[in-house]
Amino acid sequence: MVRRTKEEAQETRNQILEAAQRAFHERGVARTTLADIAAMAGVTRGAIYWHFSNKADLFQAMLDSLHEPLDALARASENQDELDPLGCMRTLLIQLLQQVELDPKVRRVNEILFHKCEFTDEMCDLRRQRQTAMLECNVRIELSLNNAVNRGQLPENLDTVRAAITLHAFIDGMLAQWLLVPDSFSLHEQAESWVDAGLDMLRLSPALRK
């Protein structure tokens, strides 16, 4: 009975996340209420509050569900014992770009994040969460770049702080542009070239040296 109850609770949570994704995509984050999500999920608002503190918490959980499949690869490039940290990062970034085009769920969630997420006063918690997530991402990228420098894969005088911000901005810009005008180029077919262009900036740009 306990197992069934836990399974039912997880199923309800997944229903809520799916409904939130559809509602945010259709209406935008700011215009979507928890009542809208509850109606779409076929649950009560109380069920939503059982699983999530507020709309910002629900939004973050939706984003976190996308990170899980690639998290092991991200951890590998951050591991000081990894022999090929830059190769791990390259593979991670290629998969990231390809998934956005090929996986409808990943594409929808990224469309929400880049083009349907309004930081209104009501969503100040979400703004803080996004700021924290961005800074944490820069730190993780910097750690991977430092490992690549230590392995001789990147210049030893690379400014890894500035390089991390640059690479993060490059990938975010690629995603934002493609999601707005997806017919302009193929993320899937050109993923390797785009990622290699970003890594070439790190290897070759004098502006990224200490």
# chains A, B, ... in the order shown; residues from 1 in each chain; ligands from 1
>>> residues_around(residues="A:Asn150", least_positions_apart="4", cutoff="12 Å", atoms="only C-alpha atoms", output="PyMOL selection string")
chain A and resi 78-86+143-146+154-158+160
>>> residues_around(residues="stretch 35-37 of chain A", least_positions_apart="3", cutoff="6 Å", atoms="only C-alpha atoms", output="PDB file with all heavy atoms, in the first residue's frame")
ATOM      1  N   ALA A  19       1.345  19.216 -17.287  1.00  0.00           N
ATOM      2  CA  ALA A  19       0.337  20.265 -17.467  1.00  0.00           C
ATOM      3  C   ALA A  19       0.974  21.649 -17.411  1.00  0.00           C
ATOM      4  O   ALA A  19       0.620  22.545 -18.194  1.00  0.00           O
ATOM      5  CB  ALA A  19      -0.744  20.132 -16.395  1.00  0.00           C
ATOM      6  N   ALA A  20       1.927  21.830 -16.505  1.00  0.00           N
ATOM      7  CA  ALA A  20       2.608  23.122 -16.398  1.00  0.00           C
ATOM      8  C   ALA A  20       3.360  23.435 -17.678  1.00  0.00           C
ATOM      9  O   ALA A  20       3.332  24.567 -18.180  1.00  0.00           O
ATOM     10  CB  ALA A  20       3.565  23.108 -15.207  1.00  0.00           C
ATOM     11  N   MET A  40      -5.771  21.826 -15.943  1.00  0.00           N
ATOM     12  CA  MET A  40      -5.210  21.084 -17.067  1.00  0.00           C
ATOM     13  C   MET A  40      -4.720  19.702 -16.625  1.00  0.00           C
ATOM     14  O   MET A  40      -4.791  18.731 -17.385  1.00  0.00           O
ATOM     15  CB  MET A  40      -4.077  21.884 -17.706  1.00  0.00           C
ATOM     16  CG  MET A  40      -3.652  21.391 -19.065  1.00  0.00           C
ATOM     17  SD  MET A  40      -2.489  22.523 -19.896  1.00  0.00           S
ATOM     18  CE  MET A  40      -3.604  23.840 -20.374  1.00  0.00           C
TER      19      MET A  40
END
>>> closest_residue(among="A:Ile48, A:Leu204, A:Ile16, A:Leu199", to="A:Gly87", atoms="only C-alpha atoms")
A:Leu199
>>> closest_atom_pairs(of="stretch 141-204 of chain A", to="stretch 113-118 of chain A", cutoff="10 Å", atoms="only C-alpha atoms", output="CSV")
residue,atom,partner,partner_atom,distance
A:Asp172,CA,A:Phe114,CA,8.7
A:Gly173,CA,A:Phe114,CA,9.7
A:Leu175,CA,A:Phe114,CA,8.2
A:Ala176,CA,A:Phe114,CA,6.0
A:Gln177,CA,A:Phe114,CA,9.5
A:Leu179,CA,A:Phe114,CA,8.1
A:Leu180,CA,A:His115,CA,7.9
>>> write_last_selection(atoms="N, CA, C and O atoms", output="PDB file, in the first residue's frame")
ATOM      1  N   ASP A 172      23.846  29.849 -25.315  1.00  0.00           N
ATOM      2  CA  ASP A 172      22.532  30.450 -25.073  1.00  0.00           C
ATOM      3  C   ASP A 172      22.054  31.226 -26.297  1.00  0.00           C
ATOM      4  O   ASP A 172      20.877  31.169 -26.669  1.00  0.00           O
ATOM      5  N   GLY A 173      22.954  31.963 -26.927  1.00  0.00           N
ATOM      6  CA  GLY A 173      22.604  32.731 -28.110  1.00  0.00           C
ATOM      7  C   GLY A 173      22.197  31.845 -29.269  1.00  0.00           C
ATOM      8  O   GLY A 173      21.243  32.151 -30.001  1.00  0.00           O
ATOM      9  N   LEU A 175      20.843  28.859 -29.046  1.00  0.00           N
ATOM     10  CA  LEU A 175      19.528  28.307 -28.740  1.00  0.00           C
ATOM     11  C   LEU A 175      18.434  29.347 -28.924  1.00  0.00           C
ATOM     12  O   LEU A 175      17.391  29.071 -29.540  1.00  0.00           O
ATOM     13  N   ALA A 176      18.652  30.540 -28.385  1.00  0.00           N
ATOM     14  CA  ALA A 176      17.638  31.590 -28.474  1.00  0.00           C
ATOM     15  C   ALA A 176      17.336  31.938 -29.925  1.00  0.00           C
ATOM     16  O   ALA A 176      16.167  32.111 -30.310  1.00  0.00           O
ATOM     17  N   GLN A 177      18.376  32.038 -30.755  1.00  0.00           N
ATOM     18  CA  GLN A 177      18.166  32.395 -32.158  1.00  0.00           C
ATOM     19  C   GLN A 177      17.433  31.286 -32.904  1.00  0.00           C
ATOM     20  O   GLN A 177      16.490  31.546 -33.648  1.00  0.00           O
ATOM     21  N   LEU A 179      15.471  28.894 -31.727  1.00  0.00           N
ATOM     22  CA  LEU A 179      14.105  28.733 -31.251  1.00  0.00           C
ATOM     23  C   LEU A 179      13.185  29.816 -31.813  1.00  0.00           C
ATOM     24  O   LEU A 179      11.985  29.582 -32.005  1.00  0.00           O
ATOM     25  N   LEU A 180      13.727  30.982 -32.097  1.00  0.00           N
ATOM     26  CA  LEU A 180      12.921  32.066 -32.659  1.00  0.00           C
ATOM     27  C   LEU A 180      12.726  31.899 -34.159  1.00  0.00           C
ATOM     28  O   LEU A 180      11.642  32.163 -34.685  1.00  0.00           O
TER      29      LEU A 180
END
>>> residues_around(residues="A:Phe59", least_positions_apart="2", cutoff="12 Å", atoms="only C-alpha atoms", output="compact mmCIF listing (two decimals) with N, CA, C and O atoms, in the first residue's frame")
# COMPACT_ATOMS: atom_id res chain seq x y z
N ILE A 16 1.30 17.01 -13.06
CA ILE A 16 1.37 18.46 -12.82
C ILE A 16 2.46 19.09 -13.67
O ILE A 16 2.27 20.15 -14.27
N LEU A 17 3.63 18.43 -13.73
CA LEU A 17 4.73 18.96 -14.52
C LEU A 17 4.38 19.00 -16.01
O LEU A 17 4.69 19.97 -16.70
N GLU A 18 3.71 17.95 -16.50
CA GLU A 18 3.30 17.93 -17.91
C GLU A 18 2.30 19.04 -18.19
O GLU A 18 2.38 19.72 -19.22
N ALA A 19 1.35 19.22 -17.29
CA ALA A 19 0.34 20.27 -17.47
C ALA A 19 0.97 21.65 -17.41
O ALA A 19 0.62 22.54 -18.19
N ALA A 20 1.93 21.83 -16.50
CA ALA A 20 2.61 23.12 -16.40
C ALA A 20 3.36 23.44 -17.68
O ALA A 20 3.33 24.57 -18.18
N GLN A 21 4.01 22.42 -18.23
CA GLN A 21 4.74 22.63 -19.48
C GLN A 21 3.81 23.08 -20.60
O GLN A 21 4.11 24.03 -21.32
N ARG A 22 2.65 22.42 -20.72
CA ARG A 22 1.70 22.79 -21.77
C ARG A 22 1.14 24.19 -21.54
O ARG A 22 1.03 25.00 -22.47
N ALA A 23 0.81 24.49 -20.29
CA ALA A 23 0.22 25.79 -19.98
C ALA A 23 1.21 26.92 -20.17
O ALA A 23 0.88 27.96 -20.77
N PHE A 24 2.43 26.74 -19.70
CA PHE A 24 3.46 27.77 -19.88
C PHE A 24 3.74 28.01 -21.36
O PHE A 24 3.95 29.14 -21.79
N HIS A 25 3.74 26.94 -22.14
CA HIS A 25 4.04 27.06 -23.56
C HIS A 25 2.92 27.78 -24.30
O HIS A 25 3.16 28.58 -25.21
N GLY A 28 2.47 31.49 -21.74
CA GLY A 28 3.55 32.21 -21.09
C GLY A 28 3.51 31.97 -19.60
O GLY A 28 2.46 31.65 -19.03
N VAL A 29 4.65 32.13 -18.94
CA VAL A 29 4.73 31.81 -17.51
C VAL A 29 3.93 32.80 -16.67
O VAL A 29 3.17 32.41 -15.78
N ALA A 30 4.07 34.08 -16.94
CA ALA A 30 3.42 35.10 -16.10
C ALA A 30 1.90 35.01 -16.17
O ALA A 30 1.20 35.26 -15.18
N THR A 32 0.09 32.35 -16.71
CA THR A 32 -0.42 31.05 -16.26
C THR A 32 -0.56 31.04 -14.75
O THR A 32 0.39 31.39 -14.03
N THR A 33 -1.72 30.64 -14.25
CA THR A 33 -1.94 30.55 -12.80
C THR A 33 -1.87 29.09 -12.37
O THR A 33 -1.97 28.16 -13.20
N LEU A 34 -1.70 28.88 -11.08
CA LEU A 34 -1.72 27.51 -10.56
C LEU A 34 -3.08 26.87 -10.77
O LEU A 34 -3.18 25.65 -10.96
N ILE A 37 -3.06 25.41 -14.20
CA ILE A 37 -2.30 24.16 -14.24
C ILE A 37 -3.07 23.02 -13.59
O ILE A 37 -3.11 21.89 -14.09
N PHE A 52 4.78 21.28 -4.71
CA PHE A 52 5.57 22.46 -5.07
C PHE A 52 5.16 23.65 -4.20
O PHE A 52 3.99 23.85 -3.92
N SER A 53 6.16 24.45 -3.81
CA SER A 53 5.90 25.58 -2.92
C SER A 53 5.12 26.69 -3.61
O SER A 53 4.24 27.32 -3.02
N ASN A 54 5.44 26.94 -4.88
CA ASN A 54 4.81 28.01 -5.63
C ASN A 54 5.08 27.80 -7.13
O ASN A 54 5.67 26.79 -7.51
N LYS A 55 4.68 28.77 -7.94
CA LYS A 55 4.86 28.60 -9.39
C LYS A 55 6.34 28.60 -9.77
O LYS A 55 6.75 27.87 -10.69
N ALA A 56 7.15 29.39 -9.09
CA ALA A 56 8.58 29.41 -9.39
C ALA A 56 9.21 28.05 -9.10
O ALA A 56 10.06 27.57 -9.86
N ASP A 57 8.81 27.42 -8.00
CA ASP A 57 9.32 26.10 -7.64
C ASP A 57 8.91 25.07 -8.69
O ASP A 57 9.71 24.21 -9.11
N ALA A 61 11.39 22.91 -11.24
CA ALA A 61 11.32 21.44 -11.34
C ALA A 61 11.17 21.00 -12.78
O ALA A 61 11.74 19.98 -13.19
N MET A 62 10.42 21.76 -13.57
CA MET A 62 10.27 21.46 -14.99
C MET A 62 11.62 21.55 -15.69
O MET A 62 11.98 20.70 -16.51
N LEU A 63 12.40 22.57 -15.35
CA LEU A 63 13.73 22.71 -15.95
C LEU A 63 14.67 21.60 -15.49
O LEU A 63 15.43 21.05 -16.30
N ASP A 64 14.62 21.26 -14.22
CA ASP A 64 15.52 20.25 -13.68
C ASP A 64 15.32 18.90 -14.36
O ASP A 64 16.28 18.12 -14.51
N SER A 65 14.09 18.61 -14.80
CA SER A 65 13.82 17.33 -15.45
C SER A 65 14.60 17.19 -16.75
O SER A 65 14.85 16.08 -17.21
N LEU A 66 15.00 18.32 -17.36
CA LEU A 66 15.75 18.26 -18.61
C LEU A 66 17.23 18.01 -18.39
O LEU A 66 17.93 17.54 -19.28
N VAL A 109 10.23 23.16 -23.61
CA VAL A 109 10.71 23.75 -22.36
C VAL A 109 11.73 24.86 -22.63
O VAL A 109 11.72 25.90 -21.96
N ASN A 110 12.58 24.67 -23.62
CA ASN A 110 13.52 25.72 -23.97
C ASN A 110 12.83 26.94 -24.58
O ASN A 110 13.25 28.07 -24.35
N ILE A 112 9.91 27.94 -23.72
CA ILE A 112 9.36 28.61 -22.53
C ILE A 112 10.46 29.43 -21.86
O ILE A 112 10.27 30.61 -21.54
N LEU A 113 11.61 28.81 -21.63
CA LEU A 113 12.69 29.46 -20.91
C LEU A 113 13.21 30.69 -21.64
O LEU A 113 13.42 31.74 -21.03
N LYS A 116 9.19 32.69 -23.39
CA LYS A 116 7.86 32.81 -22.78
C LYS A 116 7.95 32.91 -21.26
O LYS A 116 7.01 32.56 -20.56
N CYS A 117 9.07 33.39 -20.78
CA CYS A 117 9.30 33.51 -19.34
C CYS A 117 9.49 34.98 -18.99
O CYS A 117 10.56 35.55 -19.23
N MET A 123 6.85 37.17 -10.20
CA MET A 123 7.80 36.08 -10.44
C MET A 123 9.20 36.42 -9.98
O MET A 123 10.19 35.95 -10.55
N ASP A 125 10.74 35.45 -7.37
CA ASP A 125 11.43 34.24 -6.92
C ASP A 125 12.05 33.51 -8.10
O ASP A 125 13.17 33.00 -8.01
N LEU A 126 11.32 33.48 -9.21
CA LEU A 126 11.83 32.82 -10.40
C LEU A 126 13.04 33.56 -10.95
O LEU A 126 14.02 32.94 -11.36
N ARG A 127 13.00 34.88 -10.93
CA ARG A 127 14.15 35.66 -11.39
C ARG A 127 15.39 35.33 -10.57
O ARG A 127 16.48 35.12 -11.12
N GLN A 129 15.95 32.59 -8.91
CA GLN A 129 16.35 31.22 -9.23
C GLN A 129 17.14 31.17 -10.53
O GLN A 129 18.14 30.46 -10.64
N ARG A 130 16.69 31.92 -11.54
CA ARG A 130 17.39 31.93 -12.82
C ARG A 130 18.76 32.57 -12.70
O ARG A 130 19.73 32.13 -13.32
>>> residues_around(residues="stretch 187-192 of chain A", least_positions_apart="6", cutoff="6 Å", atoms="only C-alpha atoms", output="PyMOL selection string")
chain A and resi 94+97-98
>>> write_last_selection(atoms="N, CA and C atoms", output="PDB file, in the first residue's frame")
ATOM      1  N   ILE A  94      27.104  19.121 -27.927  1.00  0.00           N
ATOM      2  CA  ILE A  94      26.511  18.625 -29.175  1.00  0.00           C
ATOM      3  C   ILE A  94      25.159  17.971 -28.892  1.00  0.00           C
ATOM      4  N   LEU A  97      22.450  20.670 -28.136  1.00  0.00           N
ATOM      5  CA  LEU A  97      21.900  21.327 -29.322  1.00  0.00           C
ATOM      6  C   LEU A  97      21.002  20.382 -30.108  1.00  0.00           C
ATOM      7  N   GLN A  98      21.433  19.148 -30.267  1.00  0.00           N
ATOM      8  CA  GLN A  98      20.639  18.203 -31.045  1.00  0.00           C
ATOM      9  C   GLN A  98      19.308  17.895 -30.376  1.00  0.00           C
TER      10      GLN A  98
END
>>> atom_distance(atom1="atom CA of A:Arg13", atom2="atom CA of A:Ala47")
8.5 Å
>>> closest_residue(among="A:Leu58, A:Ala148, A:Leu92, A:Ala164", to="A:Glu136", atoms="only C-alpha atoms")
A:Ala164
>>> select_by_dssp(residues="stretch 40-124 of chain A", states="alpha helix (DSSP H)", output="number ranges by chain")
A: 40-41, 45-51, 55-78, 85-102, 104-115, 124
>>> atom_distance(atom1="atom CA of A:Asp196", atom2="atom CA of A:His67")
21.8 Å
>>> decode(residues="stretch 123-136 of chain A", atoms="all heavy atoms", output="PDB file, in the first residue's frame")
ATOM      1  N   MET A 123       6.852  37.168 -10.200  1.00  0.00           N
ATOM      2  CA  MET A 123       7.800  36.078 -10.441  1.00  0.00           C
ATOM      3  C   MET A 123       9.205  36.425  -9.978  1.00  0.00           C
ATOM      4  O   MET A 123      10.187  35.951 -10.548  1.00  0.00           O
ATOM      5  CB  MET A 123       7.797  35.734 -11.927  1.00  0.00           C
ATOM      6  CG  MET A 123       6.448  35.247 -12.447  1.00  0.00           C
ATOM      7  SD  MET A 123       5.875  33.767 -11.575  1.00  0.00           S
ATOM      8  CE  MET A 123       7.090  32.577 -12.129  1.00  0.00           C
ATOM      9  N   CYS A 124       9.334  37.255  -8.938  1.00  0.00           N
ATOM     10  CA  CYS A 124      10.660  37.657  -8.464  1.00  0.00           C
ATOM     11  C   CYS A 124      11.447  36.452  -7.948  1.00  0.00           C
ATOM     12  O   CYS A 124      12.675  36.398  -8.070  1.00  0.00           O
ATOM     13  CB  CYS A 124      10.553  38.742  -7.397  1.00  0.00           C
ATOM     14  SG  CYS A 124       9.576  38.287  -5.956  1.00  0.00           S
ATOM     15  N   ASP A 125      10.743  35.452  -7.368  1.00  0.00           N
ATOM     16  CA  ASP A 125      11.431  34.235  -6.917  1.00  0.00           C
ATOM     17  C   ASP A 125      12.049  33.508  -8.102  1.00  0.00           C
ATOM     18  O   ASP A 125      13.174  32.995  -8.013  1.00  0.00           O
ATOM     19  CB  ASP A 125      10.456  33.299  -6.199  1.00  0.00           C
ATOM     20  CG  ASP A 125      10.086  33.785  -4.817  1.00  0.00           C
ATOM     21  OD1 ASP A 125      10.777  34.696  -4.324  1.00  0.00           O
ATOM     22  OD2 ASP A 125       9.119  33.254  -4.238  1.00  0.00           O
ATOM     23  N   LEU A 126      11.316  33.482  -9.214  1.00  0.00           N
ATOM     24  CA  LEU A 126      11.826  32.824 -10.404  1.00  0.00           C
ATOM     25  C   LEU A 126      13.042  33.560 -10.947  1.00  0.00           C
ATOM     26  O   LEU A 126      14.019  32.936 -11.360  1.00  0.00           O
ATOM     27  CB  LEU A 126      10.730  32.759 -11.475  1.00  0.00           C
ATOM     28  CG  LEU A 126      11.141  32.172 -12.820  1.00  0.00           C
ATOM     29  CD1 LEU A 126      11.673  30.755 -12.659  1.00  0.00           C
ATOM     30  CD2 LEU A 126       9.965  32.194 -13.787  1.00  0.00           C
ATOM     31  N   ARG A 127      13.004  34.877 -10.929  1.00  0.00           N
ATOM     32  CA  ARG A 127      14.150  35.660 -11.393  1.00  0.00           C
ATOM     33  C   ARG A 127      15.392  35.325 -10.567  1.00  0.00           C
ATOM     34  O   ARG A 127      16.481  35.118 -11.116  1.00  0.00           O
ATOM     35  CB  ARG A 127      13.852  37.150 -11.318  1.00  0.00           C
ATOM     36  CG  ARG A 127      14.998  38.039 -11.798  1.00  0.00           C
ATOM     37  CD  ARG A 127      14.636  39.515 -11.668  1.00  0.00           C
ATOM     38  NE  ARG A 127      15.739  40.358 -12.070  1.00  0.00           N
ATOM     39  CZ  ARG A 127      16.020  40.708 -13.320  1.00  0.00           C
ATOM     40  NH1 ARG A 127      15.247  40.278 -14.303  1.00  0.00           N
ATOM     41  NH2 ARG A 127      17.057  41.470 -13.608  1.00  0.00           N
ATOM     42  N   ARG A 128      15.226  35.261  -9.255  1.00  0.00           N
ATOM     43  CA  ARG A 128      16.364  34.924  -8.393  1.00  0.00           C
ATOM     44  C   ARG A 128      16.869  33.509  -8.680  1.00  0.00           C
ATOM     45  O   ARG A 128      18.082  33.268  -8.692  1.00  0.00           O
ATOM     46  CB  ARG A 128      15.961  35.071  -6.918  1.00  0.00           C
ATOM     47  CG  ARG A 128      15.873  36.521  -6.442  1.00  0.00           C
ATOM     48  CD  ARG A 128      15.796  36.579  -4.928  1.00  0.00           C
ATOM     49  NE  ARG A 128      14.514  36.076  -4.457  1.00  0.00           N
ATOM     50  CZ  ARG A 128      13.453  36.846  -4.242  1.00  0.00           C
ATOM     51  NH1 ARG A 128      13.517  38.147  -4.489  1.00  0.00           N
ATOM     52  NH2 ARG A 128      12.329  36.322  -3.791  1.00  0.00           N
ATOM     53  N   GLN A 129      15.946  32.593  -8.907  1.00  0.00           N
ATOM     54  CA  GLN A 129      16.355  31.223  -9.228  1.00  0.00           C
ATOM     55  C   GLN A 129      17.140  31.171 -10.530  1.00  0.00           C
ATOM     56  O   GLN A 129      18.143  30.459 -10.639  1.00  0.00           O
ATOM     57  CB  GLN A 129      15.117  30.323  -9.336  1.00  0.00           C
ATOM     58  CG  GLN A 129      14.494  29.968  -8.004  1.00  0.00           C
ATOM     59  CD  GLN A 129      13.274  29.071  -8.158  1.00  0.00           C
ATOM     60  OE1 GLN A 129      12.929  28.655  -9.255  1.00  0.00           O
ATOM     61  NE2 GLN A 129      12.613  28.782  -7.054  1.00  0.00           N
ATOM     62  N   ARG A 130      16.691  31.920 -11.538  1.00  0.00           N
ATOM     63  CA  ARG A 130      17.386  31.925 -12.824  1.00  0.00           C
ATOM     64  C   ARG A 130      18.761  32.573 -12.696  1.00  0.00           C
ATOM     65  O   ARG A 130      19.729  32.134 -13.317  1.00  0.00           O
ATOM     66  CB  ARG A 130      16.561  32.660 -13.891  1.00  0.00           C
ATOM     67  CG  ARG A 130      15.216  32.060 -14.223  1.00  0.00           C
ATOM     68  CD  ARG A 130      15.268  30.568 -14.474  1.00  0.00           C
ATOM     69  NE  ARG A 130      16.283  30.217 -15.465  1.00  0.00           N
ATOM     70  CZ  ARG A 130      16.990  29.111 -15.431  1.00  0.00           C
ATOM     71  NH1 ARG A 130      16.845  28.237 -14.462  1.00  0.00           N
ATOM     72  NH2 ARG A 130      17.872  28.863 -16.376  1.00  0.00           N
ATOM     73  N   GLN A 131      18.870  33.628 -11.886  1.00  0.00           N
ATOM     74  CA  GLN A 131      20.169  34.264 -11.669  1.00  0.00           C
ATOM     75  C   GLN A 131      21.135  33.278 -10.996  1.00  0.00           C
ATOM     76  O   GLN A 131      22.294  33.159 -11.399  1.00  0.00           O
ATOM     77  CB  GLN A 131      20.000  35.513 -10.801  1.00  0.00           C
ATOM     78  CG  GLN A 131      19.313  36.668 -11.512  1.00  0.00           C
ATOM     79  CD  GLN A 131      18.978  37.808 -10.564  1.00  0.00           C
ATOM     80  OE1 GLN A 131      18.727  37.596  -9.374  1.00  0.00           O
ATOM     81  NE2 GLN A 131      18.966  39.023 -11.087  1.00  0.00           N
ATOM     82  N   THR A 132      20.649  32.577  -9.982  1.00  0.00           N
ATOM     83  CA  THR A 132      21.476  31.602  -9.281  1.00  0.00           C
ATOM     84  C   THR A 132      21.896  30.473 -10.217  1.00  0.00           C
ATOM     85  O   THR A 132      23.064  30.064 -10.231  1.00  0.00           O
ATOM     86  CB  THR A 132      20.715  31.019  -8.076  1.00  0.00           C
ATOM     87  OG1 THR A 132      20.401  32.081  -7.162  1.00  0.00           O
ATOM     88  CG2 THR A 132      21.537  29.965  -7.366  1.00  0.00           C
ATOM     89  N   ALA A 133      20.959  29.984 -11.028  1.00  0.00           N
ATOM     90  CA  ALA A 133      21.260  28.889 -11.954  1.00  0.00           C
ATOM     91  C   ALA A 133      22.307  29.303 -12.978  1.00  0.00           C
ATOM     92  O   ALA A 133      23.200  28.524 -13.318  1.00  0.00           O
ATOM     93  CB  ALA A 133      19.980  28.435 -12.656  1.00  0.00           C
ATOM     94  N   MET A 134      22.211  30.542 -13.455  1.00  0.00           N
ATOM     95  CA  MET A 134      23.170  31.014 -14.454  1.00  0.00           C
ATOM     96  C   MET A 134      24.568  31.106 -13.858  1.00  0.00           C
ATOM     97  O   MET A 134      25.555  30.681 -14.473  1.00  0.00           O
ATOM     98  CB  MET A 134      22.744  32.372 -15.011  1.00  0.00           C
ATOM     99  CG  MET A 134      23.711  32.946 -16.040  1.00  0.00           C
ATOM    100  SD  MET A 134      23.019  34.321 -16.973  1.00  0.00           S
ATOM    101  CE  MET A 134      21.842  33.457 -18.022  1.00  0.00           C
ATOM    102  N   LEU A 135      24.671  31.648 -12.644  1.00  0.00           N
ATOM    103  CA  LEU A 135      25.978  31.763 -11.998  1.00  0.00           C
ATOM    104  C   LEU A 135      26.564  30.388 -11.687  1.00  0.00           C
ATOM    105  O   LEU A 135      27.767  30.164 -11.858  1.00  0.00           O
ATOM    106  CB  LEU A 135      25.841  32.591 -10.713  1.00  0.00           C
ATOM    107  CG  LEU A 135      25.486  34.073 -10.911  1.00  0.00           C
ATOM    108  CD1 LEU A 135      25.245  34.750  -9.566  1.00  0.00           C
ATOM    109  CD2 LEU A 135      26.594  34.795 -11.678  1.00  0.00           C
ATOM    110  N   GLU A 136      25.718  29.456 -11.248  1.00  0.00           N
ATOM    111  CA  GLU A 136      26.189  28.102 -10.966  1.00  0.00           C
ATOM    112  C   GLU A 136      26.672  27.413 -12.241  1.00  0.00           C
ATOM    113  O   GLU A 136      27.671  26.680 -12.226  1.00  0.00           O
ATOM    114  CB  GLU A 136      25.079  27.283 -10.310  1.00  0.00           C
ATOM    115  CG  GLU A 136      24.783  27.690  -8.876  1.00  0.00           C
ATOM    116  CD  GLU A 136      23.641  26.899  -8.258  1.00  0.00           C
ATOM    117  OE1 GLU A 136      22.955  26.169  -9.016  1.00  0.00           O
ATOM    118  OE2 GLU A 136      23.426  27.020  -7.046  1.00  0.00           O
TER     119      GLU A 136
END
